>>> print(open('coords_35.txt').read())   # compact mmCIF, C-alpha atoms (C1' of nucleotides)
# COMPACT_ATOMS: atom_id res chain seq x y z
CA MET A 1198 -143.84 32.04 -289.16
CA ILE A 1199 -143.12 30.70 -285.72
CA GLU A 1200 -142.69 32.81 -282.56
CA PRO A 1201 -139.75 32.35 -280.19
CA ASN A 1202 -142.27 31.48 -277.52
CA GLU A 1203 -143.73 28.67 -279.62
CA ILE A 1204 -140.25 27.38 -280.41
CA GLU A 1205 -139.48 27.23 -276.71
CA LYS A 1206 -142.72 25.41 -275.89
CA THR A 1207 -142.48 22.85 -278.66
CA THR A 1208 -138.79 22.05 -278.16
CA ALA A 1209 -139.35 21.76 -274.41
CA ALA A 1210 -142.22 19.37 -275.08
CA ILE A 1211 -140.02 17.17 -277.26
CA ALA A 1212 -137.07 17.25 -274.84
CA ASN A 1213 -138.05 14.30 -272.67
CA LYS A 1214 -137.51 10.63 -273.33
CA TYR A 1215 -141.04 9.57 -272.46
CA ARG A 1216 -142.70 12.33 -274.46
CA LEU A 1217 -140.39 11.60 -277.36
CA SER A 1218 -141.35 7.92 -277.25
CA ILE A 1219 -145.03 8.93 -277.37
CA LEU A 1220 -144.34 11.17 -280.38
CA LEU A 1221 -142.45 8.40 -282.18
CA GLU A 1222 -145.29 5.96 -281.54
CA LEU A 1223 -147.79 8.51 -282.85
CA ALA A 1224 -145.69 8.95 -285.98
CA LYS A 1225 -145.61 5.19 -286.45
CA LYS A 1226 -149.21 4.35 -285.67
CA GLY A 1227 -151.04 7.52 -286.60
CA SER A 1228 -152.86 7.63 -283.28
CA ILE A 1229 -152.88 6.10 -279.81
CA THR A 1230 -154.96 6.43 -276.64
CA GLY A 1231 -153.85 7.65 -273.23
CA THR A 1232 -153.77 4.05 -272.07
CA GLY A 1233 -151.58 3.25 -275.07
CA ALA A 1234 -149.20 5.99 -273.99
CA GLN A 1235 -149.14 4.44 -270.54
CA GLU A 1236 -148.17 1.06 -271.95
CA ILE A 1237 -145.40 2.55 -274.07
CA THR A 1238 -143.83 4.58 -271.29
CA GLY A 1239 -144.45 2.34 -268.30
CA LEU A 1240 -145.21 5.41 -266.22
CA SER A 1241 -148.08 5.86 -263.79
CA GLN A 1242 -151.39 7.08 -265.19
CA PRO A 1243 -151.24 10.57 -263.60
CA CYS A 1244 -147.71 11.00 -264.84
CA VAL A 1245 -148.63 10.08 -268.40
CA SER A 1246 -151.65 12.36 -268.19
CA HIS A 1247 -149.27 15.17 -267.28
CA HIS A 1248 -146.89 14.43 -270.16
CA VAL A 1249 -149.77 14.20 -272.62
CA LYS A 1250 -151.04 17.55 -271.36
CA LEU A 1251 -147.65 19.14 -272.05
CA LEU A 1252 -147.66 17.70 -275.58
CA VAL A 1253 -151.19 18.93 -276.22
CA ASP A 1254 -150.51 22.36 -274.66
CA SER A 1255 -147.44 22.73 -276.87
CA GLY A 1256 -149.62 22.20 -279.93
CA LEU A 1257 -147.60 19.21 -281.16
CA VAL A 1258 -150.34 16.75 -280.30
CA VAL A 1259 -154.09 16.89 -280.72
CA SER A 1260 -156.47 15.11 -278.34
CA GLN A 1261 -159.95 14.16 -279.47
CA LYS A 1262 -162.10 12.77 -276.70
CA THR A 1263 -164.89 10.35 -277.47
CA GLY A 1264 -166.60 8.86 -274.48
CA ARG A 1265 -163.98 8.08 -271.88
CA CYS A 1266 -161.20 7.50 -274.42
CA GLN A 1267 -158.89 10.07 -275.87
CA LYS A 1268 -157.47 9.73 -279.33
CA LEU A 1269 -154.07 11.34 -279.61
CA SER A 1270 -152.49 12.30 -282.91
CA LEU A 1271 -149.73 14.53 -284.25
CA ASN A 1272 -150.40 18.08 -285.36
CA LYS A 1273 -148.21 17.91 -288.42
CA GLU A 1274 -148.51 21.59 -289.20
CA VAL A 1275 -146.70 22.44 -285.96
CA PHE A 1276 -143.94 19.92 -286.69
CA ASP A 1277 -143.58 21.40 -290.12
CA LYS A 1278 -143.31 24.92 -288.76
CA LEU A 1279 -140.65 23.92 -286.26
CA ALA A 1280 -138.73 21.92 -288.85
CA GLY A 1281 -138.89 24.90 -291.21
CA PHE A 1282 -137.54 27.21 -288.56
CA LEU A 1283 -134.60 24.93 -287.78
CA LYS A 1284 -133.88 24.40 -291.46
CA LYS A 1285 -133.82 28.14 -291.99
CA LEU A 1286 -131.37 28.63 -289.12
CA SER A 1287 -128.94 26.32 -290.88
CA GLU A 1288 -128.82 28.27 -294.15
CA MET B 1131 -129.90 9.44 -288.82
CA ILE B 1132 -130.41 11.00 -285.42
CA GLU B 1133 -130.65 9.14 -282.12
CA PRO B 1134 -133.45 9.76 -279.60
CA ASN B 1135 -130.77 10.81 -277.18
CA GLU B 1136 -129.45 13.46 -279.54
CA ILE B 1137 -132.98 14.70 -280.20
CA GLU B 1138 -133.52 15.11 -276.49
CA LYS B 1139 -130.24 16.96 -275.99
CA THR B 1140 -130.65 19.34 -278.90
CA THR B 1141 -134.29 20.17 -278.24
CA ALA B 1142 -133.52 20.71 -274.55
CA ALA B 1143 -130.70 23.06 -275.55
CA ILE B 1144 -133.04 25.11 -277.73
CA ALA B 1145 -135.83 25.21 -275.16
CA ASN B 1146 -134.71 28.29 -273.25
CA LYS B 1147 -135.27 31.91 -274.14
CA TYR B 1148 -131.68 32.99 -273.54
CA ARG B 1149 -130.17 30.09 -275.45
CA LEU B 1150 -132.65 30.64 -278.25
CA SER B 1151 -131.66 34.30 -278.45
CA ILE B 1152 -128.02 33.26 -278.72
CA LEU B 1153 -128.88 30.84 -281.52
CA LEU B 1154 -130.86 33.50 -283.38
CA GLU B 1155 -127.99 35.94 -283.09
CA LEU B 1156 -125.58 33.30 -284.37
CA ALA B 1157 -127.86 32.66 -287.34
CA LYS B 1158 -127.96 36.37 -288.06
CA LYS B 1159 -124.30 37.25 -287.55
CA GLY B 1160 -122.55 33.99 -288.36
CA SER B 1161 -120.52 34.12 -285.17
CA ILE B 1162 -120.28 35.87 -281.81
CA THR B 1163 -118.01 35.74 -278.75
CA GLY B 1164 -118.91 34.76 -275.20
CA THR B 1165 -118.91 38.44 -274.32
CA GLY B 1166 -121.29 39.04 -277.21
CA ALA B 1167 -123.61 36.39 -275.81
CA GLN B 1168 -123.46 38.17 -272.48
CA GLU B 1169 -124.52 41.44 -274.07
CA ILE B 1170 -127.42 39.84 -275.91
CA THR B 1171 -128.83 38.03 -272.90
CA GLY B 1172 -128.01 40.48 -270.12
CA LEU B 1173 -127.12 37.54 -267.89
CA SER B 1174 -124.10 37.23 -265.61
CA GLN B 1175 -120.90 35.90 -267.12
CA PRO B 1176 -120.96 32.51 -265.30
CA CYS B 1177 -124.58 32.03 -266.27
CA VAL B 1178 -123.86 32.71 -269.93
CA SER B 1179 -120.85 30.42 -269.73
CA HIS B 1180 -123.18 27.69 -268.49
CA HIS B 1181 -125.73 28.27 -271.27
CA VAL B 1182 -123.01 28.29 -273.91
CA LYS B 1183 -121.67 25.04 -272.49
CA LEU B 1184 -125.10 23.43 -272.88
CA LEU B 1185 -125.30 24.63 -276.48
CA VAL B 1186 -121.82 23.33 -277.26
CA ASP B 1187 -122.41 20.02 -275.44
CA SER B 1188 -125.61 19.52 -277.44
CA GLY B 1189 -123.61 19.86 -280.64
CA LEU B 1190 -125.71 22.76 -281.95
CA VAL B 1191 -122.91 25.26 -281.41
CA VAL B 1192 -119.19 25.06 -282.05
CA SER B 1193 -116.67 26.96 -279.95
CA GLN B 1194 -113.24 27.78 -281.35
CA LYS B 1195 -110.91 29.33 -278.83
CA THR B 1196 -108.15 31.65 -279.94
CA GLY B 1197 -106.23 33.30 -277.15
CA ARG B 1198 -108.69 34.30 -274.47
CA CYS B 1199 -111.63 34.76 -276.87
CA GLN B 1200 -114.04 32.12 -277.99
CA LYS B 1201 -115.69 32.24 -281.37
CA LEU B 1202 -119.12 30.65 -281.32
CA SER B 1203 -120.89 29.49 -284.44
CA LEU B 1204 -123.73 27.18 -285.47
CA ASN B 1205 -123.14 23.56 -286.38
CA LYS B 1206 -125.51 23.55 -289.32
CA GLU B 1207 -125.27 19.83 -289.85
CA VAL B 1208 -126.87 19.20 -286.47
CA PHE B 1209 -129.66 21.69 -287.19
CA ASP B 1210 -130.23 19.97 -290.49
CA LYS B 1211 -130.42 16.56 -288.88
CA LEU B 1212 -132.92 17.75 -286.28
CA ALA B 1213 -135.00 19.58 -288.89
CA GLY B 1214 -134.97 16.47 -291.04
CA PHE B 1215 -136.16 14.33 -288.16
CA LEU B 1216 -139.06 16.68 -287.37
CA LYS B 1217 -140.00 16.96 -291.02
CA LYS B 1218 -140.10 13.20 -291.29
CA LEU B 1219 -142.37 12.88 -288.26
CA SER B 1220 -144.89 15.11 -290.03
CA GLU B 1221 -145.17 12.95 -293.14
C1' DG C 879 -94.26 42.14 -264.16
C1' DA C 880 -98.88 44.43 -263.00
C1' DA C 881 -103.41 45.30 -264.45
C1' DA C 882 -107.10 44.16 -267.32
C1' DT C 883 -109.81 41.00 -270.11
C1' DG C 884 -112.27 36.66 -271.42
C1' DC C 885 -113.76 32.56 -269.95
C1' DA C 886 -114.35 28.36 -266.60
C1' DT C 887 -115.46 26.35 -262.17
C1' DT C 888 -117.43 25.98 -257.59
C1' DT C 889 -121.10 26.65 -254.57
C1' DA C 890 -125.53 27.51 -253.00
C1' DA C 891 -130.03 29.44 -253.39
C1' DA C 892 -134.34 29.79 -256.09
C1' DC C 893 -137.16 27.81 -259.21
C1' DT C 894 -139.15 24.21 -262.31
C1' DT C 895 -140.13 19.62 -263.68
C1' DT C 896 -141.04 14.95 -262.86
C1' DT C 897 -143.08 11.46 -260.36
C1' DC C 898 -146.62 8.86 -257.87
C1' DG C 899 -150.41 8.00 -254.39
C1' DA C 900 -154.89 9.43 -253.46
C1' DT C 901 -158.99 10.98 -255.06
C1' DA C 902 -162.53 12.72 -258.43
C1' DT C 903 -165.40 12.49 -262.51
C1' DA C 904 -167.37 10.58 -266.41
C1' DT C 905 -168.59 6.74 -269.33
C1' DC C 906 -169.46 2.17 -270.34
C1' DA C 907 -170.97 -2.92 -269.34
C1' DG C 908 -173.85 -6.03 -267.09
C1' DC D 30 -177.86 0.70 -260.08
C1' DT D 31 -173.03 -1.46 -259.60
C1' DG D 32 -168.63 -2.24 -260.84
C1' DA D 33 -165.04 -1.45 -264.06
C1' DT D 34 -162.44 1.56 -267.17
C1' DA D 35 -160.35 6.01 -268.96
C1' DT D 36 -158.82 10.20 -267.81
C1' DA D 37 -158.01 14.51 -264.79
C1' DT D 38 -156.62 16.91 -260.67
C1' DC D 39 -154.37 17.61 -256.23
C1' DG D 40 -150.61 17.32 -253.16
C1' DA D 41 -146.08 16.46 -251.92
C1' DA D 42 -141.50 14.47 -252.49
C1' DA D 43 -137.45 13.95 -255.47
C1' DA D 44 -134.72 15.41 -259.16
C1' DG D 45 -133.14 18.69 -262.35
C1' DT D 46 -132.32 23.56 -264.09
C1' DT D 47 -131.19 28.29 -263.66
C1' DT D 48 -128.95 31.93 -261.51
C1' DA D 49 -125.25 34.91 -259.52
C1' DA D 50 -121.33 35.76 -256.25
C1' DA D 51 -116.77 34.31 -255.47
C1' DT D 52 -112.79 32.59 -257.23
C1' DG D 53 -109.33 30.73 -260.57
C1' DC D 54 -106.62 30.79 -264.69
C1' DA D 55 -104.83 31.99 -269.08
C1' DT D 56 -103.81 35.73 -272.26
C1' DT D 57 -103.21 40.25 -273.65
C1' DT D 58 -101.80 45.18 -272.79
C1' DC D 59 -99.05 48.55 -270.88
>>> encode(input="coords_35.txt", output="structure tokens")
Amino acid sequence: MIEPNEIEKTTAAIANKYRLSILLELAKKGSITGTGAQEITGLSQPCVSHHVKLLVDSGLVVSQKTGRCQKLSLNKEVFDKLAGFLKKLSE
Amino acid sequence: MIEPNEIEKTTAAIANKYRLSILLELAKKGSITGTGAQEITGLSQPCVSHHVKLLVDSGLVVSQKTGRCQKLSLNKEVFDKLAGFLKKLSE
DNA sequence: GAAATGCATTTAAACTTTTCGATATATCAG
DNA sequence: CTGATATATCGAAAAGTTTAAATGCATTTC
């Protein structure tokens, strides 16, 4: 089950063109770094850091830090839960 | 297929507690009126009108006007498309 | 036709999000 | 140790969203 609060957070996290482009790249590549996200979006580093934080806080994205690099990847369980909720609404 | 732009619009439309409560009520009841949406949310009439407009503009909700009443209902195809997109991301 | 009802629009205030420059911290390379 | 790289945080400006009061406009009811 998914809580209204989690639905709000995850949909809000998706609802931005730069964050969406990061998510699409993650789906395509499996994982990227923060610097990779910067290259994709063309935004400043602090701005990307902020967007990545929103994605991670929403639960949609997982960040594993090794050394100074972060490895970002999708939390597929959360996508599944959200997709399931939306599918159920349309039945 | 669903365009990034449509993903942004629909997820943004969902990402609000009042709009989400309207969507949940629509899923439960099949349809409600603008006045019904007002009762559910407890918001002012212009504010609800604005939220309903966002939902309709996003394509998630359909409004059929008969006389002075509007009948709101879910556009299940759009929910399906969005759910399908999210499901695909998590594969 | 007058009053009431349902919804839309305008306007303006309050609030939130987005953005970037500056700065901080930690790690890695030489 | 020094300089470079990756990321985080702070602060402030700009842009966008949310809200309600006031008003407008059809449509229904009496």
>>> interface_residues(input="coords_35.txt", of="chain D", to="chain A", cutoff="8 Å", atoms="all atoms listed in the file", output="CSV table (one decimal) with C-alpha atoms (C1' of nucleotides), in the coordinates of the input")
chain,number,residue,atom,x,y,z
D,35,DA,C1',-160.4,6.0,-269.0
D,36,DT,C1',-158.8,10.2,-267.8
D,37,DA,C1',-158.0,14.5,-264.8
>>> interface_residues(input="coords_35.txt", of="chain C", to="chain B", cutoff="12 Å", atoms="all atoms listed in the file", output="list in words")
DT883, DG884, DC885, DA886, DT887 and DT888 of chain C
>>> interface_residues(input="coords_35.txt", of="chain B", to="chain A", cutoff="12 Å", atoms="all atoms listed in the file", output="ChimeraX atom specification")
/B:1133-1160,1188,1190-1191,1203-1221
>>> residues_around(input="coords_35.txt", residues="DA881 in chain C", least_positions_apart="5", cutoff="12 Å", atoms="all atoms listed in the file", output="ChimeraX atom specification")
/D:57-59
>>> write_last_selection(input="coords_35.txt", atoms="C-alpha atoms (C1' of nucleotides)", output="PDB file, keeping the file's coordinate frame")
ATOM      1  C1'  DT D  57    -103.210  40.250-273.650  1.00  0.00           C
ATOM      2  C1'  DT D  58    -101.800  45.180-272.790  1.00  0.00           C
ATOM      3  C1'  DC D  59     -99.050  48.550-270.880  1.00  0.00           C
TER       4       DC D  59
END
>>> residues_around(input="coords_35.txt", residues="DG32 in chain D", least_positions_apart="4", cutoff="12 Å", atoms="all atoms listed in the file", output="count of residues only")
3
>>> atom_distance(input="coords_35.txt", atom1="CA of Cys1244 in chain A", atom2="C1' of DT896 in chain C")
8.0 Å
>>> axis_aligned_box(input="coords_35.txt", around="range 1195-1205 of chain B", padding_each_side="6 Å", output="JSON")
{"center_x": -115.0, "center_y": 29.2, "center_z": -280.4, "size_x": 29.5, "size_y": 23.2, "size_z": 23.9}
>>> atom_distance(input="coords_35.txt", atom1="C1' of DG40 in chain D", atom2="C1' of DA900 in chain C")
9.0 Å
>>> atom_distance(input="coords_35.txt", atom1="C1' of DA51 in chain D", atom2="CA of Leu1173 in chain B")
16.5 Å
>>> build_atoms(input="coords_35.txt", residues="range 1253-1276 of chain A", atoms="N, CA and C atoms", output="PDB file, keeping the file's coordinate frame")
ATOM      1  N   VAL A1253    -150.006  18.284-275.653  1.00  0.00           N
ATOM      2  CA  VAL A1253    -151.190  18.930-276.220  1.00  0.00           C
ATOM      3  C   VAL A1253    -151.066  20.461-276.078  1.00  0.00           C
ATOM      4  N   ASP A1254    -150.657  20.912-274.891  1.00  0.00           N
ATOM      5  CA  ASP A1254    -150.510  22.360-274.660  1.00  0.00           C
ATOM      6  C   ASP A1254    -149.487  22.980-275.610  1.00  0.00           C
ATOM      7  N   SER A1255    -148.476  22.209-275.966  1.00  0.00           N
ATOM      8  CA  SER A1255    -147.440  22.730-276.870  1.00  0.00           C
ATOM      9  C   SER A1255    -147.970  22.874-278.293  1.00  0.00           C
ATOM     10  N   GLY A1256    -149.050  22.160-278.587  1.00  0.00           N
ATOM     11  CA  GLY A1256    -149.620  22.200-279.930  1.00  0.00           C
ATOM     12  C   GLY A1256    -149.144  21.055-280.817  1.00  0.00           C
ATOM     13  N   LEU A1257    -148.156  20.295-280.345  1.00  0.00           N
ATOM     14  CA  LEU A1257    -147.600  19.210-281.160  1.00  0.00           C
ATOM     15  C   LEU A1257    -148.565  18.059-281.320  1.00  0.00           C
ATOM     16  N   VAL A1258    -149.420  17.889-280.308  1.00  0.00           N
ATOM     17  CA  VAL A1258    -150.340  16.750-280.300  1.00  0.00           C
ATOM     18  C   VAL A1258    -151.765  17.247-280.139  1.00  0.00           C
ATOM     19  N   VAL A1259    -152.679  16.560-280.805  1.00  0.00           N
ATOM     20  CA  VAL A1259    -154.090  16.890-280.720  1.00  0.00           C
ATOM     21  C   VAL A1259    -154.787  15.755-279.969  1.00  0.00           C
ATOM     22  N   SER A1260    -155.698  16.108-279.077  1.00  0.00           N
ATOM     23  CA  SER A1260    -156.470  15.110-278.340  1.00  0.00           C
ATOM     24  C   SER A1260    -157.942  15.262-278.683  1.00  0.00           C
ATOM     25  N   GLN A1261    -158.520  14.172-279.191  1.00  0.00           N
ATOM     26  CA  GLN A1261    -159.950  14.160-279.470  1.00  0.00           C
ATOM     27  C   GLN A1261    -160.593  13.176-278.517  1.00  0.00           C
ATOM     28  N   LYS A1262    -161.501  13.662-277.688  1.00  0.00           N
ATOM     29  CA  LYS A1262    -162.100  12.770-276.700  1.00  0.00           C
ATOM     30  C   LYS A1262    -163.444  12.271-277.190  1.00  0.00           C
ATOM     31  N   THR A1263    -163.589  10.947-277.160  1.00  0.00           N
ATOM     32  CA  THR A1263    -164.890  10.350-277.470  1.00  0.00           C
ATOM     33  C   THR A1263    -165.197   9.385-276.354  1.00  0.00           C
ATOM     34  N   GLY A1264    -166.264   9.664-275.651  1.00  0.00           N
ATOM     35  CA  GLY A1264    -166.600   8.860-274.480  1.00  0.00           C
ATOM     36  C   GLY A1264    -165.522   9.052-273.445  1.00  0.00           C
ATOM     37  N   ARG A1265    -165.033   7.957-272.906  1.00  0.00           N
ATOM     38  CA  ARG A1265    -163.980   8.080-271.880  1.00  0.00           C
ATOM     39  C   ARG A1265    -162.591   7.956-272.478  1.00  0.00           C
ATOM     40  N   CYS A1266    -162.511   7.679-273.767  1.00  0.00           N
ATOM     41  CA  CYS A1266    -161.200   7.500-274.420  1.00  0.00           C
ATOM     42  C   CYS A1266    -160.742   8.757-275.119  1.00  0.00           C
ATOM     43  N   GLN A1267    -159.422   8.963-275.072  1.00  0.00           N
ATOM     44  CA  GLN A1267    -158.890  10.070-275.870  1.00  0.00           C
ATOM     45  C   GLN A1267    -158.084   9.500-277.018  1.00  0.00           C
ATOM     46  N   LYS A1268    -158.227  10.139-278.156  1.00  0.00           N
ATOM     47  CA  LYS A1268    -157.470   9.730-279.330  1.00  0.00           C
ATOM     48  C   LYS A1268    -156.410  10.798-279.574  1.00  0.00           C
ATOM     49  N   LEU A1269    -155.172  10.399-279.425  1.00  0.00           N
ATOM     50  CA  LEU A1269    -154.070  11.340-279.610  1.00  0.00           C
ATOM     51  C   LEU A1269    -153.502  11.203-281.014  1.00  0.00           C
ATOM     52  N   SER A1270    -153.150  12.340-281.604  1.00  0.00           N
ATOM     53  CA  SER A1270    -152.490  12.300-282.910  1.00  0.00           C
ATOM     54  C   SER A1270    -151.580  13.520-283.064  1.00  0.00           C
ATOM     55  N   LEU A1271    -150.688  13.448-284.039  1.00  0.00           N
ATOM     56  CA  LEU A1271    -149.730  14.530-284.250  1.00  0.00           C
ATOM     57  C   LEU A1271    -150.379  15.693-284.996  1.00  0.00           C
ATOM     58  N   ASN A1272    -150.001  16.899-284.605  1.00  0.00           N
ATOM     59  CA  ASN A1272    -150.400  18.080-285.360  1.00  0.00           C
ATOM     60  C   ASN A1272    -149.250  18.406-286.310  1.00  0.00           C
ATOM     61  N   LYS A1273    -149.347  17.871-287.498  1.00  0.00           N
ATOM     62  CA  LYS A1273    -148.210  17.910-288.420  1.00  0.00           C
ATOM     63  C   LYS A1273    -147.820  19.315-288.845  1.00  0.00           C
ATOM     64  N   GLU A1274    -148.789  20.199-288.843  1.00  0.00           N
ATOM     65  CA  GLU A1274    -148.510  21.590-289.200  1.00  0.00           C
ATOM     66  C   GLU A1274    -147.463  22.202-288.245  1.00  0.00           C
ATOM     67  N   VAL A1275    -147.621  21.889-286.958  1.00  0.00           N
ATOM     68  CA  VAL A1275    -146.700  22.440-285.960  1.00  0.00           C
ATOM     69  C   VAL A1275    -145.303  21.847-286.135  1.00  0.00           C
ATOM     70  N   PHE A1276    -145.237  20.553-286.425  1.00  0.00           N
ATOM     71  CA  PHE A1276    -143.940  19.920-286.690  1.00  0.00           C
ATOM     72  C   PHE A1276    -143.277  20.550-287.899  1.00  0.00           C
TER      73      PHE A1276
END
